Amino acid sequence: MSLPVFSGDYSFSRHEMAAGFSFAVDGTFTFYYAYGAVDRIAQGTFTVEGDLLKLKSDKEPGKDFLVLDQKQQGEGYTIQVINKTPALASNVLCVAISDKGRFQDYTDNAGRAHLPIPHCEKLYVKHALFPDVLTLIKDSDNPNNYFELKLNNSLQKVSFKGIDFHIQGDTITCASNYFMMLDDIVFIRK
């Protein structure tokens with residue numbers, strides 16, 4: 001006995017947000033998301049295990065930023081995002097993890113953030129308008145405290161890492177997550 005083939009188009013909308021999946025019988029999917037001026041996309045493969053839908057996007061998670069330059073300069077930790085569009089250089093969440101806790105700041109309109117802490121083990125970044133998995137830019141072996149970053153082309157894509165989807169009849173549901181921070185997310189089959 002073979003399992004039924006999962007495929008079809010599913011959509012979700014609320015207020016100014018619209019999103020949708022298209023699942024093909026060959027195990028591939030495409031995804032779109034539009035909210036205000038922010039559009040997101042994804043494509044990849046999927047598997048179904050019982051009612052659990054697992055997505056594997058073509059995007060490699062945690063790689064949304066490229067370190068252009070890094071060095072030891074001044075005190076604390078400085079992150080400078082280089083981009084021609086100020087709205088993309090700003091709104092980058094910078095998170096430092098140390099034995100004293102978690103410290104964070106957002107880049108300003110000039111793309112700059114400064115964390116006035118003496119030491120951190122790890123330093124991560126994530127764009128607030130295009131959230132996905134945090135990108136590690138400094139690990140415990142890296143002595144630098146100044147980082148110039150560039151946005152990678154992957155920024156607009158979604159990785160779906162760590163997001164569980166559940167199939168329930170003609171709907172697909174998921175919990176609030178890092179890019180759809182809503183309750184009651186239900187994609188309905190068209």
# chains A, B, ... in the order shown; residues from 1 in each chain; ligands from 1
>>> residues_around(residues="Arg14 (chain A)", least_positions_apart="6", cutoff="10 Å", atoms="only C-alpha atoms", output="list in words")
Tyr35, Leu182 and Ile185 of chain A
>>> write_last_selection(atoms="C-alpha atoms", output="short mmCIF file (atom, residue, chain, number, x, y, z; two decimals), in the first residue's frame")
data_model
loop_
_atom_site.label_atom_id
_atom_site.label_comp_id
_atom_site.auth_asym_id
_atom_site.auth_seq_id
_atom_site.Cartn_x
_atom_site.Cartn_y
_atom_site.Cartn_z
CA TYR A 35 4.33 42.10 4.02
CA LEU A 182 1.84 35.70 14.60
CA ILE A 185 -0.83 30.66 11.30
#
>>> residues_around(residues="Tyr32 (chain A)", least_positions_apart="5", cutoff="12 Å", atoms="only C-alpha atoms", output="list in words")
Asp9, Tyr10, Ser11, Phe12, Ser13, Met17, Ala18, Ala19, Gly20, Phe21, Ser22, Val38, Asp39, Arg40, Ile41, Ala42, Gln43, Gln156, Lys157 and Val158 of chain A
>>> closest_atom_pairs(of="region 114-182 of chain A", to="region 57-63 of chain A", cutoff="8 Å", atoms="only C-alpha atoms", output="CSV")
residue,atom,partner,partner_atom,distance
A:Asp132,CA,A:Pro61,CA,7.4
A:Val133,CA,A:Gly62,CA,5.1
A:Leu134,CA,A:Gly62,CA,5.3
A:Thr135,CA,A:Gly62,CA,4.2
A:Leu136,CA,A:Gly62,CA,6.9
A:Asn152,CA,A:Lys63,CA,7.5
A:Ser154,CA,A:Lys59,CA,6.7
A:Lys157,CA,A:Lys59,CA,6.6
A:Val158,CA,A:Lys59,CA,6.8
A:Ser159,CA,A:Ser57,CA,5.2
A:Phe160,CA,A:Ser57,CA,6.7
A:Lys161,CA,A:Pro61,CA,6.9
>>> write_last_selection(atoms="N, CA and C atoms", output="compact mmCIF listing (two decimals), in the first residue's frame")
# COMPACT_ATOMS: atom_id res chain seq x y z
N ASP A 132 15.91 35.58 9.88
CA ASP A 132 16.14 34.16 9.65
C ASP A 132 17.07 33.72 10.78
N VAL A 133 17.75 32.63 10.59
CA VAL A 133 18.66 32.12 11.61
C VAL A 133 19.80 33.12 11.79
N LEU A 134 20.22 33.33 13.03
CA LEU A 134 21.33 34.24 13.31
C LEU A 134 22.59 33.83 12.55
N THR A 135 23.36 34.83 12.11
CA THR A 135 24.64 34.59 11.45
C THR A 135 25.76 34.84 12.45
N LEU A 136 26.60 33.85 12.67
CA LEU A 136 27.75 33.98 13.58
C LEU A 136 28.87 34.72 12.85
N ASN A 152 24.42 39.44 2.24
CA ASN A 152 24.48 38.47 1.16
C ASN A 152 23.17 38.47 0.39
N SER A 154 21.33 36.10 -0.13
CA SER A 154 20.41 35.15 0.49
C SER A 154 19.44 35.82 1.45
N LYS A 157 15.70 35.34 1.13
CA LYS A 157 15.20 33.96 1.18
C LYS A 157 14.95 33.52 2.63
N VAL A 158 14.15 32.49 2.77
CA VAL A 158 13.82 31.92 4.08
C VAL A 158 14.40 30.51 4.15
N SER A 159 15.04 30.15 5.27
CA SER A 159 15.63 28.82 5.40
C SER A 159 14.66 27.80 5.99
N PHE A 160 13.70 28.24 6.79
CA PHE A 160 12.75 27.39 7.52
C PHE A 160 13.41 26.51 8.58
N LYS A 161 14.68 26.75 8.88
CA LYS A 161 15.36 25.95 9.88
C LYS A 161 14.66 26.09 11.24
>>> residues_around(residues="Tyr106 (chain A)", least_positions_apart="6", cutoff="6 Å", atoms="only C-alpha atoms", output="PyMOL selection string")
chain A and resi 91-94+113
>>> closest_residue(among="A:Gly36, A:Lys56, A:Ile137, A:Ala89", to="Asp69 (chain A)", atoms="only C-alpha atoms")
A:Ile137
>>> select_by_dssp(residues="region 41-163 of chain A", states="alpha helix (DSSP H)", output="JSON, numbers by chain")
{"A": [86, 87, 88, 89]}
>>> write_last_selection(atoms="N, CA and C atoms", output="PDB file, in the first residue's frame")
ATOM      1  N   PRO A  86      20.098  52.810   3.083  1.00  0.00           N
ATOM      2  CA  PRO A  86      20.151  52.972   4.541  1.00  0.00           C
ATOM      3  C   PRO A  86      19.184  52.059   5.302  1.00  0.00           C
ATOM      4  N   ALA A  87      17.996  51.820   4.762  1.00  0.00           N
ATOM      5  CA  ALA A  87      17.029  50.958   5.461  1.00  0.00           C
ATOM      6  C   ALA A  87      17.543  49.530   5.593  1.00  0.00           C
ATOM      7  N   LEU A  88      18.395  49.100   4.673  1.00  0.00           N
ATOM      8  CA  LEU A  88      18.959  47.751   4.772  1.00  0.00           C
ATOM      9  C   LEU A  88      20.196  47.719   5.659  1.00  0.00           C
ATOM     10  N   ALA A  89      20.945  48.820   5.721  1.00  0.00           N
ATOM     11  CA  ALA A  89      22.109  48.873   6.610  1.00  0.00           C
ATOM     12  C   ALA A  89      21.672  49.013   8.060  1.00  0.00           C
TER      13      ALA A  89
END
>>> residues_around(residues="Pro118 (chain A)", least_positions_apart="3", cutoff="9 Å", atoms="only C-alpha atoms", output="PyMOL selection string")
chain A and resi 75-77+115
>>> closest_residue(among="A:Asp139, A:Lys190, A:Leu55, A:Glu49", to="Ile97 (chain A)", atoms="only C-alpha atoms")
A:Asp139
>>> select_by_dssp(residues="region 82-180 of chain A", states="strand (DSSP E or B)", output="mmCIF file with C-alpha atoms, in the first residue's frame")
data_model
loop_
_atom_site.group_PDB
_atom_site.id
_atom_site.type_symbol
_atom_site.label_atom_id
_atom_site.label_comp_id
_atom_site.auth_asym_id
_atom_site.auth_seq_id
_atom_site.Cartn_x
_atom_site.Cartn_y
_atom_site.Cartn_z
ATOM 1 C CA ILE A 82 27.883 48.476 4.433
ATOM 2 C CA VAL A 92 20.405 44.747 11.990
ATOM 3 C CA LEU A 93 20.201 43.075 15.388
ATOM 4 C CA CYS A 94 23.677 42.486 16.883
ATOM 5 C CA VAL A 95 23.818 39.957 19.725
ATOM 6 C CA ALA A 96 26.881 39.343 21.912
ATOM 7 C CA ILE A 97 27.051 36.322 24.195
ATOM 8 C CA SER A 98 29.462 36.297 27.132
ATOM 9 C CA GLY A 101 24.916 37.253 29.701
ATOM 10 C CA ARG A 102 23.429 38.424 26.421
ATOM 11 C CA PHE A 103 23.858 41.977 25.123
ATOM 12 C CA GLN A 104 22.253 43.414 22.027
ATOM 13 C CA ASP A 105 21.826 46.531 19.942
ATOM 14 C CA TYR A 106 20.504 47.453 16.492
ATOM 15 C CA ARG A 112 26.527 51.079 12.884
ATOM 16 C CA ALA A 113 26.035 49.423 16.261
ATOM 17 C CA HIS A 114 28.293 49.451 19.313
ATOM 18 C CA LEU A 115 28.162 47.087 22.269
ATOM 19 C CA LYS A 122 30.255 34.923 20.305
ATOM 20 C CA LEU A 123 28.796 37.682 18.192
ATOM 21 C CA TYR A 124 25.762 37.169 15.953
ATOM 22 C CA VAL A 125 23.765 39.339 13.561
ATOM 23 C CA LYS A 126 20.264 39.100 12.083
ATOM 24 C CA HIS A 127 18.330 41.548 9.923
ATOM 25 C CA THR A 135 24.638 34.593 11.445
ATOM 26 C CA LEU A 136 27.749 33.977 13.575
ATOM 27 C CA ILE A 137 30.437 36.589 12.815
ATOM 28 C CA LYS A 138 32.740 36.013 15.818
ATOM 29 C CA TYR A 146 35.396 45.592 14.899
ATOM 30 C CA PHE A 147 33.478 44.027 12.006
ATOM 31 C CA GLU A 148 32.454 45.424 8.620
ATOM 32 C CA LEU A 149 29.651 43.412 7.069
ATOM 33 C CA LYS A 150 27.905 43.127 3.736
ATOM 34 C CA LEU A 151 24.441 41.685 3.182
ATOM 35 C CA LYS A 157 15.196 33.963 1.182
ATOM 36 C CA PHE A 165 4.664 22.535 9.946
ATOM 37 C CA HIS A 166 1.694 20.216 10.514
ATOM 38 C CA ILE A 167 -0.773 18.979 7.921
ATOM 39 C CA GLN A 168 -4.378 18.881 9.124
ATOM 40 C CA THR A 171 -4.598 23.088 6.061
ATOM 41 C CA ILE A 172 -0.972 23.477 7.081
ATOM 42 C CA THR A 173 -0.217 25.087 10.445
ATOM 43 C CA CYS A 174 2.894 26.302 12.221
#
>>> closest_residue(among="A:Ala34, A:Ile188, A:Val67, A:Ala110", to="Gly8 (chain A)", atoms="only C-alpha atoms")
A:Ile188
>>> residues_around(residues="Val25 (chain A)", least_positions_apart="3", cutoff="12 Å", atoms="only C-alpha atoms", output="compact mmCIF listing (two decimals) with C-alpha atoms, in the first residue's frame")
# COMPACT_ATOMS: atom_id res chain seq x y z
CA PRO A 4 -1.08 9.35 -0.66
CA VAL A 5 0.94 11.92 -2.57
CA PHE A 6 1.09 15.36 -0.94
CA SER A 7 0.88 18.32 -3.31
CA GLY A 8 -1.05 21.50 -3.96
CA ASP A 9 -1.15 25.22 -3.34
CA SER A 22 3.17 25.39 -3.87
CA THR A 28 9.82 20.20 -4.31
CA PHE A 29 8.21 23.40 -3.08
CA THR A 45 12.42 20.05 -1.04
CA PHE A 46 9.97 18.61 1.45
CA THR A 47 9.12 15.36 3.18
CA VAL A 48 6.00 14.25 5.03
>>> atom_distance(atom1="CA of Gln73 (chain A)", atom2="CA of Asp99 (chain A)")
21.8 Å
>>> atom_distance(atom1="CA of Asn83 (chain A)", atom2="CA of Gln70 (chain A)")
16.7 Å
>>> closest_residue(among="A:Ile163, A:Asn144, A:Asn109, A:Lys71", to="Leu52 (chain A)", atoms="only C-alpha atoms")
A:Ile163
>>> atom_distance(atom1="CA of Gly27 (chain A)", atom2="CA of Asp51 (chain A)")
15.5 Å
>>> closest_residue(among="A:His119, A:Lys54, A:Leu155, A:Val81", to="Thr107 (chain A)", atoms="only C-alpha atoms")
A:Val81
